[in-house]
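Peer 1: Pasting a structure here, questions to come.
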Amino acid sequence: VGLRGIDVSHHNGNINWKLVRTDKRIQFVYIKASEGASMHDNKYSKNIRKARATGLLVGSYHYFNPKVSASLQFSNFCRAIKNEPQDLIPVVDIEEINGATREHICANLQEMCDLLEQEFGVKPIIYTNRKYYEDLLKPKYSGYKVWIANYNRESVKLPANCVLWQFSSRLRINGFNGRVDGNSLCRGIDELKYSVGKR
């Protein structure tokens, strides 16, 4: 597995980004910006600025609640990222059901994806685990790039539209006090790059 990127949130605590940058395997980082209708990650602004200052490619993700209005969640994400430049396509992280039906989950997620595409000019990447994708999102989202979490390396079957594989949640990387998620590219880094409108 070739480590190429990490993803972080406030759960990772204070990160020494200059130390992170000493690991030459790491090209990019996705940073949690928001969750649901109102939560902003309190480390987001610091993380994205400091990571980008080291030369890492940076992108932002929103943790999606399938029971909450997509338009409220979209507005929350936009407020959270404000005017921070984005090098990578935005990501919707969906991994909960919260009692919602498959139809409701897909309809709400589609509204979120449509709003993001209107705002950024590009379809967002969808992050989820393999079972969630297979059971709930496939085949409706086969036209989207997906980022799949699957920590069982013995039975990795990734969908054809997978651009990122989160292969571990327990990596030790310079600059972190604890463990961090590790991600491998399924295709080239260009599949993740955001250039439309240069936000």
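Letters A, B, ... go to the chains of the structure tokens in the order shown; residues in each chain start at 1; ligands are counted from 1 in the same order.
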Taking the DSSP secondary structure from the backbone, can you list the residues of chain A that are helix (DSSP H, G or I), as a ChimeraX atom specification?

Peer 2: /A:10-12,17-20,44-53,70-81,102-120,130-137,153-155,189-191,196-198

Peer 1: Those residues with C-alpha atoms, as an mmCIF file, in the first residue's frame please?

Peer 2:
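Full text of result07.cif as output:
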```cif
data_model
loop_
_atom_site.group_PDB
_atom_site.id
_atom_site.type_symbol
_atom_site.label_atom_id
_atom_site.label_comp_id
_atom_site.auth_asym_id
_atom_site.auth_seq_id
_atom_site.Cartn_x
_atom_site.Cartn_y
_atom_site.Cartn_z
ATOM 1 C CA HIS A 10 -10.247 18.086 15.879
ATOM 2 C CA HIS A 11 -9.986 14.536 17.236
ATOM 3 C CA ASN A 12 -6.325 14.572 16.188
ATOM 4 C CA TRP A 17 2.444 20.372 10.261
ATOM 5 C CA LYS A 18 6.129 21.103 9.689
ATOM 6 C CA LEU A 19 6.923 17.686 11.159
ATOM 7 C CA VAL A 20 4.169 16.064 9.070
ATOM 8 C CA TYR A 44 -10.254 23.566 10.751
ATOM 9 C CA SER A 45 -8.928 27.057 10.019
ATOM 10 C CA LYS A 46 -5.655 26.427 11.831
ATOM 11 C CA ASN A 47 -5.168 23.042 10.181
ATOM 12 C CA ILE A 48 -5.880 24.113 6.611
ATOM 13 C CA ARG A 49 -3.683 27.214 6.790
ATOM 14 C CA LYS A 50 -0.729 25.521 8.455
ATOM 15 C CA ALA A 51 -0.926 22.415 6.254
ATOM 16 C CA ARG A 52 -1.114 24.482 3.078
ATOM 17 C CA ALA A 53 1.792 26.672 4.215
ATOM 18 C CA ALA A 70 -29.119 19.016 2.901
ATOM 19 C CA SER A 71 -29.474 22.742 2.244
ATOM 20 C CA LEU A 72 -28.724 23.549 5.901
ATOM 21 C CA GLN A 73 -25.692 21.255 5.815
ATOM 22 C CA PHE A 74 -24.462 22.785 2.565
ATOM 23 C CA SER A 75 -24.755 26.302 4.018
ATOM 24 C CA ASN A 76 -22.907 25.158 7.132
ATOM 25 C CA PHE A 77 -20.048 23.728 5.064
ATOM 26 C CA CYS A 78 -19.730 26.926 3.028
ATOM 27 C CA ARG A 79 -19.684 29.034 6.208
ATOM 28 C CA ALA A 80 -17.032 26.785 7.724
ATOM 29 C CA ILE A 81 -14.614 26.897 4.793
ATOM 30 C CA ARG A 102 -32.327 4.088 1.792
ATOM 31 C CA GLU A 103 -34.580 6.297 -0.347
ATOM 32 C CA HIS A 104 -34.324 9.203 2.087
ATOM 33 C CA ILE A 105 -30.553 8.819 2.460
ATOM 34 C CA CYS A 106 -30.012 8.830 -1.302
ATOM 35 C CA ALA A 107 -32.391 11.744 -1.926
ATOM 36 C CA ASN A 108 -30.838 13.884 0.815
ATOM 37 C CA LEU A 109 -27.287 13.027 -0.227
ATOM 38 C CA GLN A 110 -28.164 13.811 -3.856
ATOM 39 C CA GLU A 111 -29.421 17.261 -2.862
ATOM 40 C CA MET A 112 -26.165 17.910 -0.999
ATOM 41 C CA CYS A 113 -24.104 16.736 -3.967
ATOM 42 C CA ASP A 114 -26.102 18.889 -6.391
ATOM 43 C CA LEU A 115 -25.638 22.003 -4.223
ATOM 44 C CA LEU A 116 -21.892 21.377 -3.953
ATOM 45 C CA GLU A 117 -21.608 20.845 -7.699
ATOM 46 C CA GLN A 118 -23.432 24.139 -8.351
ATOM 47 C CA GLU A 119 -21.115 25.945 -5.917
ATOM 48 C CA PHE A 120 -17.783 24.407 -6.939
ATOM 49 C CA ARG A 130 -17.355 -0.416 1.634
ATOM 50 C CA LYS A 131 -20.473 -1.980 3.206
ATOM 51 C CA TYR A 132 -22.371 1.334 3.276
ATOM 52 C CA TYR A 133 -21.511 1.940 -0.369
ATOM 53 C CA GLU A 134 -22.499 -1.564 -1.466
ATOM 54 C CA ASP A 135 -25.735 -1.681 0.571
ATOM 55 C CA LEU A 136 -27.057 1.862 0.225
ATOM 56 C CA LEU A 137 -25.345 3.976 -2.420
ATOM 57 C CA ARG A 153 -6.311 -5.706 3.375
ATOM 58 C CA GLU A 154 -6.883 -9.403 2.726
ATOM 59 C CA SER A 155 -10.240 -8.844 1.020
ATOM 60 C CA ILE A 189 -3.409 12.663 -7.626
ATOM 61 C CA ASP A 190 -4.968 14.615 -10.517
ATOM 62 C CA GLU A 191 -8.249 12.763 -9.833
ATOM 63 C CA VAL A 196 -12.576 24.934 -11.446
ATOM 64 C CA GLY A 197 -12.883 28.508 -10.243
ATOM 65 C CA LYS A 198 -9.703 28.151 -8.143
#
```

Peer 1: Write out as a PDB file with N, CA, C and O atoms, in the first residue's frame each polymer residue whose atoms come within 6 Å of region 25-38 of chain A, counting only C-alpha atoms; drop sequence neighbours fewer than 4 positions from it.

Peer 2:
```
ATOM      1  N   LEU A   3       1.205   4.905   0.883  1.00  0.00           N
ATOM      2  CA  LEU A   3       0.630   6.043   1.597  1.00  0.00           C
ATOM      3  C   LEU A   3       0.831   7.311   0.776  1.00  0.00           C
ATOM      4  O   LEU A   3       1.940   7.615   0.354  1.00  0.00           O
ATOM      5  N   ARG A   4      -0.258   8.041   0.545  1.00  0.00           N
ATOM      6  CA  ARG A   4      -0.146   9.287  -0.206  1.00  0.00           C
ATOM      7  C   ARG A   4      -0.814  10.462   0.505  1.00  0.00           C
ATOM      8  O   ARG A   4      -0.535  11.607   0.214  1.00  0.00           O
ATOM      9  N   GLY A   5      -1.736  10.168   1.434  1.00  0.00           N
ATOM     10  CA  GLY A   5      -2.423  11.266   2.097  1.00  0.00           C
ATOM     11  C   GLY A   5      -3.016  10.865   3.427  1.00  0.00           C
ATOM     12  O   GLY A   5      -3.122   9.673   3.751  1.00  0.00           O
ATOM     13  N   ILE A   6      -3.406  11.870   4.210  1.00  0.00           N
ATOM     14  CA  ILE A   6      -4.036  11.657   5.502  1.00  0.00           C
ATOM     15  C   ILE A   6      -5.313  12.491   5.559  1.00  0.00           C
ATOM     16  O   ILE A   6      -5.518  13.377   4.734  1.00  0.00           O
ATOM     17  N   ASP A   7      -6.166  12.175   6.532  1.00  0.00           N
ATOM     18  CA  ASP A   7      -7.321  13.035   6.802  1.00  0.00           C
ATOM     19  C   ASP A   7      -7.404  13.255   8.300  1.00  0.00           C
ATOM     20  O   ASP A   7      -7.097  12.366   9.087  1.00  0.00           O
ATOM     21  N   VAL A   8      -7.800  14.474   8.666  1.00  0.00           N
ATOM     22  CA  VAL A   8      -7.728  14.874  10.072  1.00  0.00           C
ATOM     23  C   VAL A   8      -8.974  15.658  10.485  1.00  0.00           C
ATOM     24  O   VAL A   8      -9.718  16.186   9.654  1.00  0.00           O
ATOM     25  N   SER A   9      -9.175  15.721  11.808  1.00  0.00           N
ATOM     26  CA  SER A   9     -10.230  16.539  12.402  1.00  0.00           C
ATOM     27  C   SER A   9      -9.740  16.993  13.773  1.00  0.00           C
ATOM     28  O   SER A   9      -8.595  16.725  14.161  1.00  0.00           O
ATOM     29  N   TYR A  44     -10.293  23.515  12.215  1.00  0.00           N
ATOM     30  CA  TYR A  44     -10.254  23.566  10.751  1.00  0.00           C
ATOM     31  C   TYR A  44      -9.374  24.691  10.207  1.00  0.00           C
ATOM     32  O   TYR A  44      -8.457  24.446   9.414  1.00  0.00           O
ATOM     33  N   LEU A  56       1.636  21.132   1.366  1.00  0.00           N
ATOM     34  CA  LEU A  56       0.709  20.014   1.161  1.00  0.00           C
ATOM     35  C   LEU A  56      -0.516  20.498   0.396  1.00  0.00           C
ATOM     36  O   LEU A  56      -0.966  21.637   0.562  1.00  0.00           O
ATOM     37  N   LEU A  57      -1.054  19.625  -0.449  1.00  0.00           N
ATOM     38  CA  LEU A  57      -2.340  19.904  -1.096  1.00  0.00           C
ATOM     39  C   LEU A  57      -3.431  19.691  -0.049  1.00  0.00           C
ATOM     40  O   LEU A  57      -3.421  18.689   0.671  1.00  0.00           O
ATOM     41  N   VAL A  58      -4.386  20.635   0.026  1.00  0.00           N
ATOM     42  CA  VAL A  58      -5.412  20.545   1.064  1.00  0.00           C
ATOM     43  C   VAL A  58      -6.815  20.536   0.460  1.00  0.00           C
ATOM     44  O   VAL A  58      -7.082  21.152  -0.568  1.00  0.00           O
ATOM     45  N   GLY A  59      -7.699  19.818   1.151  1.00  0.00           N
ATOM     46  CA  GLY A  59      -9.110  19.786   0.792  1.00  0.00           C
ATOM     47  C   GLY A  59      -9.945  19.697   2.056  1.00  0.00           C
ATOM     48  O   GLY A  59      -9.409  19.461   3.143  1.00  0.00           O
ATOM     49  N   SER A  60     -11.247  19.875   1.909  1.00  0.00           N
ATOM     50  CA  SER A  60     -12.138  19.938   3.057  1.00  0.00           C
ATOM     51  C   SER A  60     -13.257  18.913   2.929  1.00  0.00           C
ATOM     52  O   SER A  60     -13.717  18.614   1.827  1.00  0.00           O
ATOM     53  N   TYR A  61     -13.708  18.415   4.102  1.00  0.00           N
ATOM     54  CA  TYR A  61     -14.844  17.491   4.070  1.00  0.00           C
ATOM     55  C   TYR A  61     -15.900  17.865   5.092  1.00  0.00           C
ATOM     56  O   TYR A  61     -15.622  18.503   6.105  1.00  0.00           O
ATOM     57  N   HIS A  62     -17.125  17.469   4.775  1.00  0.00           N
ATOM     58  CA  HIS A  62     -18.277  17.681   5.637  1.00  0.00           C
ATOM     59  C   HIS A  62     -18.808  16.332   6.080  1.00  0.00           C
ATOM     60  O   HIS A  62     -19.031  15.443   5.262  1.00  0.00           O
ATOM     61  N   TYR A  63     -19.042  16.187   7.390  1.00  0.00           N
ATOM     62  CA  TYR A  63     -19.630  14.956   7.932  1.00  0.00           C
ATOM     63  C   TYR A  63     -21.154  15.087   7.855  1.00  0.00           C
ATOM     64  O   TYR A  63     -21.745  15.931   8.511  1.00  0.00           O
ATOM     65  N   PHE A  64     -21.741  14.249   7.009  1.00  0.00           N
ATOM     66  CA  PHE A  64     -23.148  14.391   6.619  1.00  0.00           C
ATOM     67  C   PHE A  64     -24.070  13.601   7.536  1.00  0.00           C
ATOM     68  O   PHE A  64     -23.850  12.419   7.794  1.00  0.00           O
ATOM     69  N   ASN A  65     -25.138  14.271   8.005  1.00  0.00           N
ATOM     70  CA  ASN A  65     -26.180  13.611   8.782  1.00  0.00           C
ATOM     71  C   ASN A  65     -27.375  13.372   7.864  1.00  0.00           C
ATOM     72  O   ASN A  65     -28.003  14.328   7.411  1.00  0.00           O
ATOM     73  N   LEU A  72     -29.320  23.017   4.671  1.00  0.00           N
ATOM     74  CA  LEU A  72     -28.724  23.549   5.901  1.00  0.00           C
ATOM     75  C   LEU A  72     -27.281  23.063   6.048  1.00  0.00           C
ATOM     76  O   LEU A  72     -26.404  23.814   6.478  1.00  0.00           O
ATOM     77  N   GLN A  73     -27.044  21.809   5.697  1.00  0.00           N
ATOM     78  CA  GLN A  73     -25.692  21.255   5.815  1.00  0.00           C
ATOM     79  C   GLN A  73     -24.747  21.888   4.791  1.00  0.00           C
ATOM     80  O   GLN A  73     -23.589  22.173   5.089  1.00  0.00           O
ATOM     81  N   ASN A  76     -23.847  25.279   6.016  1.00  0.00           N
ATOM     82  CA  ASN A  76     -22.907  25.158   7.132  1.00  0.00           C
ATOM     83  C   ASN A  76     -21.486  24.903   6.630  1.00  0.00           C
ATOM     84  O   ASN A  76     -20.523  25.504   7.112  1.00  0.00           O
ATOM     85  N   PHE A  77     -21.361  24.033   5.641  1.00  0.00           N
ATOM     86  CA  PHE A  77     -20.048  23.728   5.064  1.00  0.00           C
ATOM     87  C   PHE A  77     -19.432  24.987   4.441  1.00  0.00           C
ATOM     88  O   PHE A  77     -18.262  25.295   4.665  1.00  0.00           O
ATOM     89  N   ALA A  80     -18.224  27.307   7.036  1.00  0.00           N
ATOM     90  CA  ALA A  80     -17.032  26.785   7.724  1.00  0.00           C
ATOM     91  C   ALA A  80     -15.761  27.006   6.907  1.00  0.00           C
ATOM     92  O   ALA A  80     -14.723  27.387   7.450  1.00  0.00           O
TER      93      ALA A  80
END
```

Peer 1: Interatomic distance between CA of Gly121 (chain A) and CA of Glu96 (chain A)?

Peer 2: 26.6 Å

Peer 1: Write out as a PyMOL selection string all residues of chain A that DSSP puts in strand (DSSP E or B) for this structure's backbone.

Peer 2: chain A and resi 3-8+28-35+39-40+57-63+88+91-93+125-129+146-149+162-171+180-185+193

Peer 1: What does the distance between CA of Gly175 (chain A) and CA of Ile126 (chain A) come to in Å, to one decimal place?

Peer 2: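 Value for the CA of Gly175 (chain A)-CA of Ile126 (chain A) distance: 27.3 Å.
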
Peer 1: Excluding region 179-182 of chain A and its own-chain neighbours fewer than 5 positions away, which residues fall within 6 Å of it when counting only C-alpha atoms? Please give them as a list in words.

Peer 2: Ile6, Asp7, Gln166, Ser168, Ser169, Arg170, Leu171 and Arg172 of chain A

Peer 1: Quick one: distance from CA of Cys162 (chain A) to CA of Val146 (chain A) in Å, one decimal?

Peer 2: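 Value for the CA of Cys162 (chain A)-CA of Val146 (chain A) distance: 4.7 Å.
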
Peer 1: Restricting the calculation to only C-alpha atoms, which member of A:Ser195, A:Lys67, A:Ile125, A:Leu185 is positioned closest to Asn98 (chain A)?

Peer 2: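 That would be A:Lys67, the residue with the smallest distance to Asn98 (chain A).
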